[in-house]
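Visitor: Sharing run-v2.txt, compact mmCIF, C-alpha atoms and all ligand atoms:
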# COMPACT_ATOMS: atom_id res chain seq x y z
CA MET Q 1 21.15 -0.77 -21.22
CA THR Q 2 19.22 -0.12 -24.42
CA ALA Q 3 17.19 3.03 -24.66
CA THR Q 4 13.43 2.79 -25.19
CA THR Q 5 10.94 5.07 -26.88
CA LEU Q 6 7.31 4.78 -25.82
CA HIS Q 7 5.76 5.97 -29.06
CA GLY Q 8 2.39 7.71 -29.02
CA VAL Q 9 1.73 7.10 -25.36
CA GLN Q 10 -0.98 9.04 -23.48
CA LEU Q 11 0.16 10.99 -20.41
CA PRO Q 12 -2.04 11.23 -17.27
CA ASP Q 13 -3.28 14.66 -18.41
CA GLY Q 14 -4.60 13.15 -21.65
CA THR Q 15 -1.94 14.51 -24.06
CA ARG Q 16 -0.17 12.13 -26.44
CA THR Q 17 3.59 12.11 -26.85
CA ASP Q 18 6.75 10.04 -27.32
CA LEU Q 19 8.55 9.28 -24.06
CA HIS Q 20 12.26 8.56 -24.51
CA LEU Q 21 13.93 6.54 -21.73
CA ALA Q 22 17.73 6.48 -21.63
CA ASN Q 23 20.32 6.22 -18.86
CA GLY Q 24 17.59 5.80 -16.27
CA VAL Q 25 15.81 9.08 -17.01
CA ILE Q 26 13.31 10.58 -19.42
CA THR Q 27 15.24 12.31 -22.21
CA GLU Q 28 14.51 14.93 -24.86
CA SER Q 29 15.30 12.63 -27.78
CA ALA Q 30 16.20 9.00 -28.44
CA PRO Q 31 19.56 7.57 -29.48
CA ALA Q 32 19.60 5.92 -32.93
CA ASP Q 33 19.52 2.36 -31.53
CA ALA Q 34 16.54 2.93 -29.21
CA ARG Q 35 13.90 0.22 -29.06
CA ILE Q 36 10.59 1.69 -30.21
CA VAL Q 37 7.43 0.44 -28.50
CA ASP Q 38 4.11 1.24 -30.14
CA CYS Q 39 2.01 2.62 -27.27
CA HIS Q 40 -1.12 3.73 -29.08
CA GLY Q 41 -4.07 3.13 -26.78
CA LEU Q 42 -1.81 2.89 -23.74
CA ILE Q 43 -1.46 5.34 -20.84
CA ALA Q 44 1.82 6.02 -19.04
CA LEU Q 45 1.55 6.62 -15.32
CA PRO Q 46 4.43 7.35 -12.97
CA GLY Q 47 5.54 4.07 -11.38
CA LEU Q 48 3.18 3.18 -8.54
CA VAL Q 49 4.38 3.53 -4.96
CA ASP Q 50 2.92 1.28 -2.27
CA PRO Q 51 3.11 2.84 1.19
CA HIS Q 52 2.12 -0.45 2.89
CA THR Q 53 3.52 -3.87 1.90
CA HIS Q 54 4.30 -6.98 3.95
CA LEU Q 55 7.25 -8.84 2.42
CA ARG Q 56 7.71 -11.49 5.22
CA GLU Q 57 11.48 -11.70 4.82
CA PRO Q 58 13.24 -12.21 7.18
CA GLY Q 59 11.43 -14.97 9.03
CA ARG Q 60 8.56 -16.26 6.89
CA GLU Q 61 10.18 -16.91 3.54
CA ASP Q 62 7.64 -19.70 3.00
CA ALA Q 63 4.93 -17.02 2.66
CA GLU Q 64 6.91 -14.36 0.75
CA THR Q 65 10.47 -13.28 0.10
CA VAL Q 66 11.65 -9.84 -0.86
CA LEU Q 67 12.27 -11.25 -4.35
CA SER Q 68 8.82 -12.85 -4.79
CA GLY Q 69 7.03 -9.88 -3.24
CA THR Q 70 8.85 -7.38 -5.43
CA GLU Q 71 8.15 -9.53 -8.52
CA ALA Q 72 4.47 -9.26 -7.60
CA ALA Q 73 4.93 -5.52 -7.13
CA ALA Q 74 6.52 -4.99 -10.55
CA ARG Q 75 3.73 -7.05 -12.11
CA GLY Q 76 1.25 -4.73 -10.42
CA GLY Q 77 2.92 -1.63 -11.87
CA PHE Q 78 4.87 -0.61 -8.76
CA THR Q 79 8.36 0.85 -8.79
CA ALA Q 80 8.60 1.28 -5.01
CA VAL Q 81 7.14 -0.50 -2.00
CA CYS Q 82 7.39 0.42 1.66
CA ALA Q 83 8.14 -2.75 3.64
CA MET Q 84 6.34 -3.04 6.96
CA ALA Q 85 8.33 -3.83 10.09
CA ASN Q 86 6.34 -6.85 11.39
CA THR Q 87 8.83 -9.41 10.13
CA GLN Q 88 10.62 -12.00 12.29
CA PRO Q 89 12.74 -10.46 13.69
CA VAL Q 90 10.96 -7.12 13.73
CA THR Q 91 12.70 -4.24 11.89
CA ASP Q 92 13.49 -2.23 15.01
CA THR Q 93 17.23 -1.49 14.71
CA ALA Q 94 19.49 0.19 12.17
CA GLU Q 95 21.17 -3.13 11.36
CA LYS Q 96 17.88 -4.88 10.64
CA ALA Q 97 16.70 -1.93 8.53
CA GLU Q 98 19.89 -2.11 6.43
CA HIS Q 99 19.37 -5.86 6.00
CA VAL Q 100 15.92 -5.33 4.47
CA LEU Q 101 17.30 -2.50 2.31
CA ASP Q 102 20.02 -4.82 0.98
CA LEU Q 103 17.54 -7.62 0.24
CA GLY Q 104 15.63 -5.10 -1.87
CA LEU Q 105 18.75 -3.85 -3.66
CA ASN Q 106 19.77 -7.43 -4.46
CA ALA Q 107 16.35 -8.24 -5.91
CA GLY Q 108 16.55 -5.03 -7.95
CA LEU Q 109 12.95 -4.98 -9.15
CA VAL Q 110 11.46 -2.08 -7.20
CA ASP Q 111 12.85 0.32 -4.63
CA VAL Q 112 12.27 -1.33 -1.24
CA VAL Q 113 11.74 1.45 1.26
CA VAL Q 114 12.19 0.31 4.84
CA ILE Q 115 9.56 1.12 7.47
CA GLY Q 116 10.93 0.90 11.00
CA ALA Q 117 9.02 -0.31 14.03
CA ILE Q 118 7.86 2.34 16.52
CA SER Q 119 8.36 0.08 19.52
CA LYS Q 120 10.93 -2.63 20.21
CA GLY Q 121 9.54 -5.96 19.05
CA LEU Q 122 6.18 -4.28 18.30
CA LYS Q 123 5.46 -4.74 22.00
CA GLY Q 124 4.19 -1.21 22.51
CA GLU Q 125 6.40 -0.70 25.57
CA GLU Q 126 9.68 0.99 24.63
CA LEU Q 127 10.61 3.07 21.59
CA ALA Q 128 12.73 1.31 18.95
CA GLU Q 129 15.96 2.92 17.60
CA LEU Q 130 14.12 5.58 15.59
CA GLY Q 131 17.04 8.00 15.26
CA LEU Q 132 19.59 5.29 14.42
CA MET Q 133 17.31 3.78 11.79
CA ASN Q 134 16.89 7.24 10.26
CA ARG Q 135 20.65 7.83 10.16
CA SER Q 136 21.37 4.32 8.79
CA ARG Q 137 21.90 3.55 5.09
CA ALA Q 138 18.18 2.64 5.00
CA ARG Q 139 17.35 6.30 5.84
CA VAL Q 140 14.09 5.28 7.51
CA THR Q 141 11.55 8.11 7.73
CA MET Q 142 8.35 6.11 8.23
CA PHE Q 143 7.70 4.19 11.42
CA SER Q 144 4.87 1.79 12.19
CA ASP Q 145 3.93 -1.04 14.53
CA ASP Q 146 1.44 -2.17 11.88
CA GLY Q 147 -0.21 -5.44 12.71
CA MET Q 148 -0.58 -4.02 16.20
CA CYS Q 149 -2.25 -0.78 17.24
CA LEU Q 150 0.16 1.36 19.28
CA MET Q 151 -2.11 1.72 22.29
CA ASN Q 152 0.10 3.65 24.77
CA PRO Q 153 -0.63 7.36 24.11
CA GLN Q 154 2.56 8.46 25.86
CA LEU Q 155 4.67 6.30 23.54
CA MET Q 156 2.72 7.63 20.55
CA ARG Q 157 3.44 11.17 21.63
CA ARG Q 158 7.14 10.48 22.06
CA ALA Q 159 7.38 8.74 18.68
CA LEU Q 160 5.75 11.76 17.03
CA GLU Q 161 8.21 14.08 18.78
CA TRP Q 162 11.17 11.91 17.72
CA VAL Q 163 10.39 11.98 13.99
CA ARG Q 164 9.71 15.71 13.76
CA PRO Q 165 13.33 16.92 13.33
CA PHE Q 166 13.77 14.82 10.18
CA ASN Q 167 10.20 15.32 8.94
CA GLY Q 168 9.42 11.65 9.53
CA VAL Q 169 5.97 10.16 9.86
CA VAL Q 170 4.30 7.76 12.29
CA ALA Q 171 1.88 5.34 10.63
CA GLN Q 172 -0.77 3.87 12.88
CA HIS Q 173 -2.81 0.69 12.63
CA SER Q 174 -5.90 2.25 14.20
CA GLN Q 175 -7.77 -0.52 15.99
CA ASP Q 176 -8.47 -0.27 19.73
CA SER Q 177 -8.47 -3.89 20.89
CA PHE Q 178 -10.14 -2.89 24.17
CA LEU Q 179 -13.23 -2.03 22.14
CA ALA Q 180 -13.29 -5.31 20.20
CA GLY Q 181 -15.79 -8.02 20.97
CA PRO Q 182 -14.48 -11.43 22.18
CA GLY Q 183 -12.64 -13.22 19.35
CA ALA Q 184 -13.19 -10.21 17.09
CA CYS Q 185 -12.53 -11.23 13.49
CA CYS Q 186 -15.01 -9.30 11.36
CA HIS Q 187 -17.10 -6.12 11.24
CA GLU Q 188 -19.46 -5.80 14.21
CA GLY Q 189 -22.98 -5.70 12.87
CA GLU Q 190 -26.02 -7.71 11.88
CA LEU Q 191 -23.92 -10.23 9.95
CA SER Q 192 -21.40 -10.90 12.75
CA GLY Q 193 -24.35 -11.77 14.99
CA ARG Q 194 -25.87 -14.07 12.39
CA LEU Q 195 -22.53 -15.81 11.66
CA GLY Q 196 -21.68 -16.07 15.36
CA LEU Q 197 -18.39 -14.21 14.94
CA GLY Q 198 -16.97 -11.58 17.29
CA GLY Q 199 -16.95 -8.08 15.84
CA TRP Q 200 -14.86 -4.92 15.57
CA PRO Q 201 -17.10 -1.87 15.99
CA PRO Q 202 -16.27 1.16 13.77
CA VAL Q 203 -15.69 3.24 16.91
CA ALA Q 204 -12.61 1.09 17.68
CA GLU Q 205 -11.03 2.74 14.61
CA SER Q 206 -12.36 6.29 14.82
CA THR Q 207 -11.44 6.89 18.48
CA ILE Q 208 -7.78 5.97 17.87
CA ILE Q 209 -7.65 8.23 14.80
CA ALA Q 210 -9.10 11.09 16.86
CA ARG Q 211 -6.62 10.57 19.70
CA ASP Q 212 -3.65 10.37 17.34
CA ALA Q 213 -4.81 13.40 15.35
CA MET Q 214 -4.80 15.45 18.56
CA LEU Q 215 -1.32 14.16 19.42
CA ALA Q 216 -0.09 15.04 15.92
CA GLU Q 217 -1.52 18.53 16.36
CA ALA Q 218 0.08 18.95 19.77
CA THR Q 219 3.50 17.80 18.54
CA GLY Q 220 3.34 19.42 15.09
CA SER Q 221 4.33 16.07 13.58
CA ARG Q 222 3.10 13.97 10.68
CA LEU Q 223 0.61 11.18 11.29
CA HIS Q 224 -0.40 8.60 8.70
CA VAL Q 225 -3.56 6.52 9.17
CA CYS Q 226 -3.06 3.06 7.68
CA HIS Q 227 -5.93 1.18 6.01
CA ILE Q 228 -8.91 3.33 7.05
CA THR Q 229 -12.22 1.45 6.78
CA THR Q 230 -15.05 3.40 8.39
CA ALA Q 231 -17.24 6.39 7.60
CA GLU Q 232 -16.61 7.68 11.14
CA GLY Q 233 -12.84 7.40 10.68
CA VAL Q 234 -13.08 9.37 7.44
CA GLU Q 235 -15.08 12.09 9.22
CA VAL Q 236 -12.37 12.42 11.87
CA VAL Q 237 -9.66 12.72 9.18
CA ARG Q 238 -11.71 15.38 7.36
CA TRP Q 239 -12.13 17.33 10.59
CA ALA Q 240 -8.41 17.04 11.46
CA LYS Q 241 -7.39 18.26 8.01
CA GLN Q 242 -9.67 21.27 8.41
CA ARG Q 243 -7.85 22.08 11.65
CA GLY Q 244 -4.53 21.97 9.83
CA VAL Q 245 -3.28 18.74 11.40
CA GLN Q 246 -0.55 17.06 9.31
CA ILE Q 247 -2.51 13.89 8.72
CA THR Q 248 -2.71 11.56 5.73
CA ALA Q 249 -5.00 8.57 5.26
CA GLU Q 250 -4.77 5.39 3.24
CA VAL Q 251 -7.35 2.97 1.86
CA THR Q 252 -6.69 -0.54 0.60
CA PRO Q 253 -8.01 -1.94 -2.69
CA HIS Q 254 -9.89 -4.67 -0.82
CA HIS Q 255 -11.78 -2.21 1.37
CA LEU Q 256 -12.81 -0.31 -1.78
CA LEU Q 257 -14.25 -3.40 -3.47
CA LEU Q 258 -15.15 -6.13 -1.00
CA GLY Q 259 -17.74 -6.14 1.80
CA THR Q 260 -19.03 -8.25 4.66
CA GLU Q 261 -21.16 -10.36 2.29
CA GLU Q 262 -17.97 -12.24 1.34
CA LEU Q 263 -17.93 -13.75 4.83
CA THR Q 264 -21.06 -15.89 4.53
CA GLY Q 265 -19.02 -18.93 3.42
CA TYR Q 266 -16.51 -18.48 6.28
CA ASP Q 267 -13.69 -18.46 3.70
CA THR Q 268 -10.63 -17.30 5.64
CA VAL Q 269 -9.16 -15.56 2.58
CA TYR Q 270 -11.59 -12.73 3.48
CA LYS Q 271 -10.36 -12.44 7.06
CA VAL Q 272 -8.38 -9.22 7.33
CA ASN Q 273 -7.56 -6.47 9.80
CA PRO Q 274 -9.28 -4.08 9.86
CA PRO Q 275 -12.27 -6.12 8.65
CA LEU Q 276 -14.29 -5.79 5.46
CA ARG Q 277 -17.20 -3.41 6.06
CA THR Q 278 -20.76 -2.74 4.88
CA PRO Q 279 -21.89 -0.75 1.79
CA GLU Q 280 -22.31 2.59 3.68
CA HIS Q 281 -18.68 2.44 4.80
CA ILE Q 282 -17.44 1.36 1.37
CA GLU Q 283 -19.22 4.31 -0.22
CA ALA Q 284 -17.71 6.68 2.36
CA LEU Q 285 -14.23 5.36 1.49
CA ARG Q 286 -14.77 5.81 -2.25
CA ALA Q 287 -16.13 9.33 -1.73
CA ALA Q 288 -13.16 10.22 0.48
CA LEU Q 289 -10.64 8.88 -2.03
CA GLU Q 290 -12.43 10.90 -4.69
CA ASP Q 291 -12.42 14.19 -2.75
CA GLY Q 292 -8.86 13.72 -1.42
CA THR Q 293 -9.72 13.23 2.26
CA ILE Q 294 -8.05 9.86 1.73
CA ASP Q 295 -4.66 10.70 0.22
CA VAL Q 296 -3.25 7.36 -0.87
CA VAL Q 297 -4.04 3.80 -1.83
CA GLY Q 298 -1.93 1.27 0.10
CA THR Q 299 -2.17 -2.41 -0.72
CA ASP Q 300 -1.55 -3.89 2.75
CA HIS Q 301 -0.34 -6.88 0.69
CA ALA Q 302 -0.31 -9.55 3.43
CA PRO Q 303 0.79 -12.96 2.16
CA HIS Q 304 0.05 -15.96 4.36
CA ALA Q 305 1.02 -19.61 4.03
CA PRO Q 306 -1.80 -22.19 3.81
CA GLN Q 307 -1.11 -23.52 7.30
CA ASP Q 308 -1.87 -20.06 8.69
CA LYS Q 309 -5.14 -19.71 6.75
CA ASP Q 310 -6.51 -23.28 6.90
CA HIS Q 311 -8.27 -22.86 10.23
CA ALA Q 312 -11.67 -21.97 11.63
CA PHE Q 313 -12.42 -18.33 10.71
CA VAL Q 314 -11.72 -17.08 14.23
CA ASP Q 315 -8.29 -18.75 14.35
CA ALA Q 316 -6.95 -17.97 10.86
CA ARG Q 317 -4.35 -15.23 10.32
CA PRO Q 318 -5.79 -11.98 9.01
CA GLY Q 319 -4.54 -10.49 5.74
CA MET Q 320 -4.83 -10.81 1.95
CA LEU Q 321 -2.73 -10.24 -1.16
CA GLY Q 322 -2.95 -6.89 -2.93
CA LEU Q 323 0.03 -5.88 -5.05
CA GLU Q 324 -0.93 -7.48 -8.36
CA GLN Q 325 -4.56 -6.30 -8.47
CA ALA Q 326 -4.32 -2.90 -6.74
CA LEU Q 327 -4.56 -0.86 -9.93
CA SER Q 328 -7.21 -3.25 -11.30
CA VAL Q 329 -9.44 -2.57 -8.30
CA VAL Q 330 -8.88 1.20 -8.39
CA ILE Q 331 -9.85 1.24 -12.08
CA GLU Q 332 -12.93 -0.90 -11.40
CA THR Q 333 -14.19 1.06 -8.39
CA MET Q 334 -12.97 4.61 -9.15
CA VAL Q 335 -11.96 5.19 -12.79
CA LYS Q 336 -14.73 3.30 -14.59
CA PRO Q 337 -17.47 5.06 -12.56
CA GLY Q 338 -15.83 8.43 -13.37
CA ARG Q 339 -14.76 9.19 -9.80
CA LEU Q 340 -11.00 9.53 -10.47
CA THR Q 341 -9.17 10.80 -13.55
CA TRP Q 342 -5.86 9.24 -14.60
CA ALA Q 343 -4.05 12.25 -13.18
CA GLN Q 344 -5.80 11.61 -9.87
CA VAL Q 345 -4.87 7.92 -9.99
CA ALA Q 346 -1.25 9.03 -10.45
CA GLU Q 347 -1.65 11.35 -7.46
CA ARG Q 348 -3.21 8.76 -5.10
CA MET Q 349 -1.00 5.82 -6.15
CA SER Q 350 2.33 7.48 -6.96
CA HIS Q 351 2.89 11.18 -6.19
CA ALA Q 352 1.21 11.25 -2.76
CA PRO Q 353 2.67 7.99 -1.41
CA ALA Q 354 6.14 9.11 -2.57
CA ARG Q 355 5.73 12.36 -0.61
CA LEU Q 356 4.45 10.41 2.39
CA ALA Q 357 7.64 8.31 2.45
CA SER Q 358 9.92 11.26 1.51
CA LEU Q 359 11.09 9.57 -1.71
CA ALA Q 360 12.96 12.00 -3.96
CA ASP Q 361 13.16 9.75 -7.05
CA GLN Q 362 9.70 8.22 -7.04
CA GLY Q 363 6.29 9.70 -7.75
CA ARG Q 364 7.79 12.29 -10.10
CA PRO Q 365 5.95 13.78 -13.07
CA LEU Q 366 6.68 12.20 -16.48
CA ARG Q 367 8.92 15.01 -17.75
CA VAL Q 368 12.34 15.29 -19.38
CA GLY Q 369 15.06 14.92 -16.76
CA GLU Q 370 12.93 12.93 -14.32
CA PRO Q 371 13.66 9.28 -13.37
CA ALA Q 372 12.17 6.84 -15.88
CA ASN Q 373 9.86 5.09 -13.39
CA ILE Q 374 6.80 4.27 -15.46
CA VAL Q 375 3.89 1.87 -15.67
CA LEU Q 376 2.23 1.33 -19.05
CA VAL Q 377 -1.51 0.88 -18.67
CA ASN Q 378 -4.02 -0.64 -21.05
CA PRO Q 379 -7.31 0.79 -19.73
CA ASP Q 380 -9.53 -1.61 -21.68
CA ARG Q 381 -8.03 -4.98 -20.95
CA THR Q 382 -9.79 -7.33 -18.51
CA ALA Q 383 -8.99 -10.84 -17.26
CA THR Q 384 -10.23 -13.39 -14.75
CA VAL Q 385 -7.88 -13.46 -11.78
CA ASP Q 386 -6.20 -16.83 -11.20
CA ARG Q 387 -4.39 -17.10 -7.89
CA ALA Q 388 -2.13 -19.81 -9.36
CA GLN Q 389 -0.67 -17.18 -11.74
CA SER Q 390 0.51 -14.95 -8.91
CA ARG Q 391 4.18 -13.96 -8.53
CA SER Q 392 3.58 -13.99 -4.79
CA LEU Q 393 4.54 -17.20 -2.99
CA SER Q 394 1.16 -17.11 -1.23
CA ARG Q 395 -2.28 -17.90 -2.58
CA ASN Q 396 -4.56 -15.84 -0.31
CA ASN Q 397 -5.82 -13.76 -3.22
CA PRO Q 398 -9.30 -12.40 -2.51
CA TYR Q 399 -9.93 -11.63 -6.21
CA HIS Q 400 -9.47 -15.23 -7.41
CA GLY Q 401 -12.14 -16.06 -10.00
CA ARG Q 402 -13.27 -12.45 -10.47
CA THR Q 403 -13.12 -10.69 -13.81
CA LEU Q 404 -11.40 -7.35 -13.32
CA PRO Q 405 -9.39 -4.84 -15.33
CA ASP Q 406 -5.92 -6.25 -16.07
CA PRO Q 407 -4.20 -3.03 -17.03
CA VAL Q 408 -0.45 -3.43 -16.53
CA GLU Q 409 1.41 -3.94 -19.83
CA ALA Q 410 4.91 -3.10 -18.63
CA THR Q 411 6.79 -1.55 -15.74
CA PHE Q 412 10.05 0.39 -15.96
CA LEU Q 413 12.37 1.11 -13.03
CA ARG Q 414 14.85 3.83 -14.00
CA GLY Q 415 14.38 2.87 -17.64
CA ARG Q 416 14.88 -0.85 -17.12
CA GLN Q 417 11.90 -3.10 -17.82
CA THR Q 418 10.98 -4.98 -14.63
CA PHE Q 419 7.74 -6.47 -15.93
CA ALA Q 420 6.43 -7.12 -19.43
CA ARG Q 421 3.19 -8.83 -20.31
CA THR Q 422 4.00 -11.95 -22.31
CA ASP Q 423 0.55 -13.43 -22.90
CA SER Q 424 -0.72 -10.96 -25.51
N1 LIG Q 501 -3.86 -6.64 7.45
C1 LIG Q 501 -3.80 -7.80 8.07
O1 LIG Q 501 -4.84 -8.38 8.32
N2 LIG Q 501 -2.63 -8.38 8.38
C2 LIG Q 501 -1.33 -7.79 8.30
C3 LIG Q 501 -1.05 -6.87 9.43
C4 LIG Q 501 -1.79 -5.56 9.33
O2 LIG Q 501 -1.75 -4.89 8.29
O3 LIG Q 501 -2.38 -5.12 10.31
C5 LIG Q 501 -0.29 -8.89 8.28
O4 LIG Q 501 0.88 -8.61 8.51
O5 LIG Q 501 -0.65 -10.04 7.96
ZN ZN Q 502 -2.51 -3.01 9.92
ZN ZN Q 503 -0.43 -4.10 7.15
As structure tokens - that is how I would like this structure written.
Guide:
Amino acid sequence: MTATTLHGVQLPDGTRTDLHLANGVITESAPADARIVDCHGLIALPGLVDPHTHLREPGREDAETVLSGTEAAARGGFTAVCAMANTQPVTDTAEKAEHVLDLGLNAGLVDVVVIGAISKGLKGEELAELGLMNRSRARVTMFSDDGMCLMNPQLMRRALEWVRPFNGVVAQHSQDSFLAGPGACCHEGELSGRLGLGGWPPVAESTIIARDAMLAEATGSRLHVCHITTAEGVEVVRWAKQRGVQITAEVTPHHLLLGTEELTGYDTVYKVNPPLRTPEHIEALRAALEDGTIDVVGTDHAPHAPQDKDHAFVDARPGMLGLEQALSVVIETMVKPGRLTWAQVAERMSHAPARLASLADQGRPLRVGEPANIVLVNPDRTATVDRAQSRSLSRNNPYHGRTLPDPVEATFLRGRQTFARTDS
């Protein structure tokens, strides 16, 4: 593999330097035959780490494969993605976890980190093989029934106890379906009434977060709150952190940018769980990402085939794409308004998610000796999103037609270029 020198690149702390990439790591100096890339005006961030991706393989390869999903990830600046367990079959055994790991290794574009199911078949009844998945080649440390809220508090407690010896983490999709209105498919509020759609009240999220935070405290285990969407939920996380609970929270790009007003045309691309919220909630999420109450950005990249989206709003599958525009949305909503520095973007999108998933070789600082996992960012470039250009096999891109930052110039996984912009 040829060595590369990123000449004159800006580091997250604002300093300018030459970064030499050779043999998979950042080196002190470059060999004589190194390719030199002029990086003036570009920023190097540590490769992004997505703690929450749906890759759909095995089972729904018409919507996404590990290859197509990881191509989308590399294009978005990611060098690692954590693959959710709600595939068909569900990732609930060591063998299935190793299968997903191997699909990722074969694709070779980003590190595919396997998330195991908490319960067998995501049914919420019996614990899955947590210990065996952890001891498998996939070395699973994160467990989630995402797609479903793990309702049974006894099972939640036992899952938290199980992961403690290996410092694992339980990631919850916090949505109490008993509190949802009939046919709930959007935020409960003035608009759901006007549109005649059933709603999810914010309290359906915050009460589950509060319950799980208390269980995490009682067990001394790590809890991760997936895709938080409400001001009340953020308040509970803030309170739990003050108590010393080992809790982390995640926000998606779409919940940072998009609100309930998108729903007025009943376009099912905007149907997602948890639902898009109102401006007060969106502002609470941005403020919490700014002050660190929300630790990480997770895409919740959820590809769906047309036949699963082309339905009445209430019947369509929830979920939207996120990998390719995640950094675009964070720049638009957080960097441009001066709410996050580049070092803080690196923290929320690389360092912190790597710690969450216990990844030793991801989310590392850009220093000599560290793995050469890097995304090159052009902070000034913008483009109009075209869903037809996506690397994903699916087209449920909620940013289609919007002009947004288009920052990713190139992505390097252990020094090897996994994405390069070709249209400039
Ligand atoms: N976010 C969604 O609306 N859908 C996700 C599941 C999930 O993240 O809950 C999916 O798998 O499609
Ligand atoms: Zn979810
Ligand atoms: Zn999800």
Visitor: Between Q:Asp176, Q:Asp145, Q:Glu290, Q:Asp33, which one has atoms that come closest to ligand ZN 503 (chain Q), using only C-alpha atoms and all ligand atoms?
Guide: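 Looking at the shortest contact to ligand ZN 503 (chain Q), the residue is Q:Asp145.
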Visitor: Choose the residue, out of Q:Val245, Q:Leu127, Q:Val368, Q:Ala354, that has the smallest atom-to-atom separation from Leu48 of chain Q; count only C-alpha atoms.
Guide: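 Smallest separation from Leu48 of chain Q among the options: Q:Ala354.
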Visitor: If I take atom CA of Asp146 of chain Q and atom CA of His227 of chain Q, how far is one from the other in Å, to one decimal?
Guide: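 Computing it gives 10.0 Å between the two atoms.
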Visitor: Counting all atoms listed in the file, what is within 8 Å of Val251 of chain Q, bar same-chain residues fewer than 4 positions away, as a ChimeraX atom specification?
Guide: /Q:226-229,255-256,285,289,294,296-299
Visitor: I'd like to know which of Q:Pro274, Q:Pro89, Q:Gly131, Q:Pro405 is closest to ligand LIG 501 (chain Q), using only C-alpha atoms and all ligand atoms.
Guide: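 That would be Q:Pro274, the residue with the smallest distance to ligand LIG 501 (chain Q).
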Visitor: Smallest atom-to-atom distance to ligand ZN 502 (chain Q): which of Q:His304, Q:Arg414, Q:His40, Q:His54, using all atoms listed in the file?
Guide: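 For ligand ZN 502 (chain Q), the nearest of the candidates is Q:His54.
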Visitor: Using only C-alpha atoms and all ligand atoms, which of Q:Ser177, Q:Asn86, Q:Thr341, Q:Gln10 sits nearest ligand LIG 501 (chain Q)?
Guide: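 Among Q:Ser177, Q:Asn86, Q:Thr341, Q:Gln10, it is Q:Asn86 that comes nearest to ligand LIG 501 (chain Q).
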Visitor: Find the spatial neighbours of segment 92-107 of chain Q, counting all atoms listed in the file, within a cut-off of 6 Å - ignore same-chain residues fewer than 3 positions away - and output them as number ranges by chain.
Guide: Q: 67, 112, 116-117, 120, 128-129, 132-133, 136, 138
Visitor: Around all the atoms of segment 177-186 of chain Q listed in the file, draw an axis-aligned box and extend it by 6 Å on each of the six sides; I want its centre and edge lengths in Å to one decimal, as JSON.
Guide:
{"center_x": -12.1, "center_y": -7.6, "center_z": 17.8, "size_x": 19.3, "size_y": 23.2, "size_z": 24.8}
Visitor: Would you fill out segment 158-169 of chain Q with N, CA and C atoms and return it as a PDB file, in the coordinates of the input?
Guide:
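Written out: result_22.pdb:
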ATOM      1  N   ARG Q 158       5.673  10.416  22.154  1.00  0.00           N
ATOM      2  CA  ARG Q 158       7.140  10.480  22.060  1.00  0.00           C
ATOM      3  C   ARG Q 158       7.630  10.094  20.674  1.00  0.00           C
ATOM      4  N   ALA Q 159       6.986   9.114  20.051  1.00  0.00           N
ATOM      5  CA  ALA Q 159       7.380   8.740  18.680  1.00  0.00           C
ATOM      6  C   ALA Q 159       7.161   9.926  17.731  1.00  0.00           C
ATOM      7  N   LEU Q 160       6.030  10.599  17.879  1.00  0.00           N
ATOM      8  CA  LEU Q 160       5.750  11.760  17.030  1.00  0.00           C
ATOM      9  C   LEU Q 160       6.803  12.848  17.241  1.00  0.00           C
ATOM     10  N   GLU Q 161       7.172  13.068  18.493  1.00  0.00           N
ATOM     11  CA  GLU Q 161       8.210  14.080  18.780  1.00  0.00           C
ATOM     12  C   GLU Q 161       9.554  13.688  18.170  1.00  0.00           C
ATOM     13  N   TRP Q 162       9.883  12.393  18.236  1.00  0.00           N
ATOM     14  CA  TRP Q 162      11.170  11.910  17.720  1.00  0.00           C
ATOM     15  C   TRP Q 162      11.336  12.152  16.226  1.00  0.00           C
ATOM     16  N   VAL Q 163      10.255  11.936  15.457  1.00  0.00           N
ATOM     17  CA  VAL Q 163      10.390  11.980  13.990  1.00  0.00           C
ATOM     18  C   VAL Q 163      10.323  13.402  13.437  1.00  0.00           C
ATOM     19  N   ARG Q 164       9.919  14.347  14.254  1.00  0.00           N
ATOM     20  CA  ARG Q 164       9.710  15.710  13.760  1.00  0.00           C
ATOM     21  C   ARG Q 164      10.980  16.357  13.193  1.00  0.00           C
ATOM     22  N   PRO Q 165      12.134  16.232  13.856  1.00  0.00           N
ATOM     23  CA  PRO Q 165      13.330  16.920  13.330  1.00  0.00           C
ATOM     24  C   PRO Q 165      13.706  16.496  11.911  1.00  0.00           C
ATOM     25  N   PHE Q 166      13.441  15.240  11.546  1.00  0.00           N
ATOM     26  CA  PHE Q 166      13.770  14.820  10.180  1.00  0.00           C
ATOM     27  C   PHE Q 166      12.519  14.669   9.311  1.00  0.00           C
ATOM     28  N   ASN Q 167      11.453  15.328   9.714  1.00  0.00           N
ATOM     29  CA  ASN Q 167      10.200  15.320   8.940  1.00  0.00           C
ATOM     30  C   ASN Q 167       9.722  13.895   8.665  1.00  0.00           C
ATOM     31  N   GLY Q 168       9.907  13.022   9.666  1.00  0.00           N
ATOM     32  CA  GLY Q 168       9.420  11.650   9.530  1.00  0.00           C
ATOM     33  C   GLY Q 168       7.921  11.572   9.780  1.00  0.00           C
ATOM     34  N   VAL Q 169       7.404  10.346   9.699  1.00  0.00           N
ATOM     35  CA  VAL Q 169       5.970  10.160   9.860  1.00  0.00           C
ATOM     36  C   VAL Q 169       5.722   8.886  10.661  1.00  0.00           C
TER      37      VAL Q 169
END
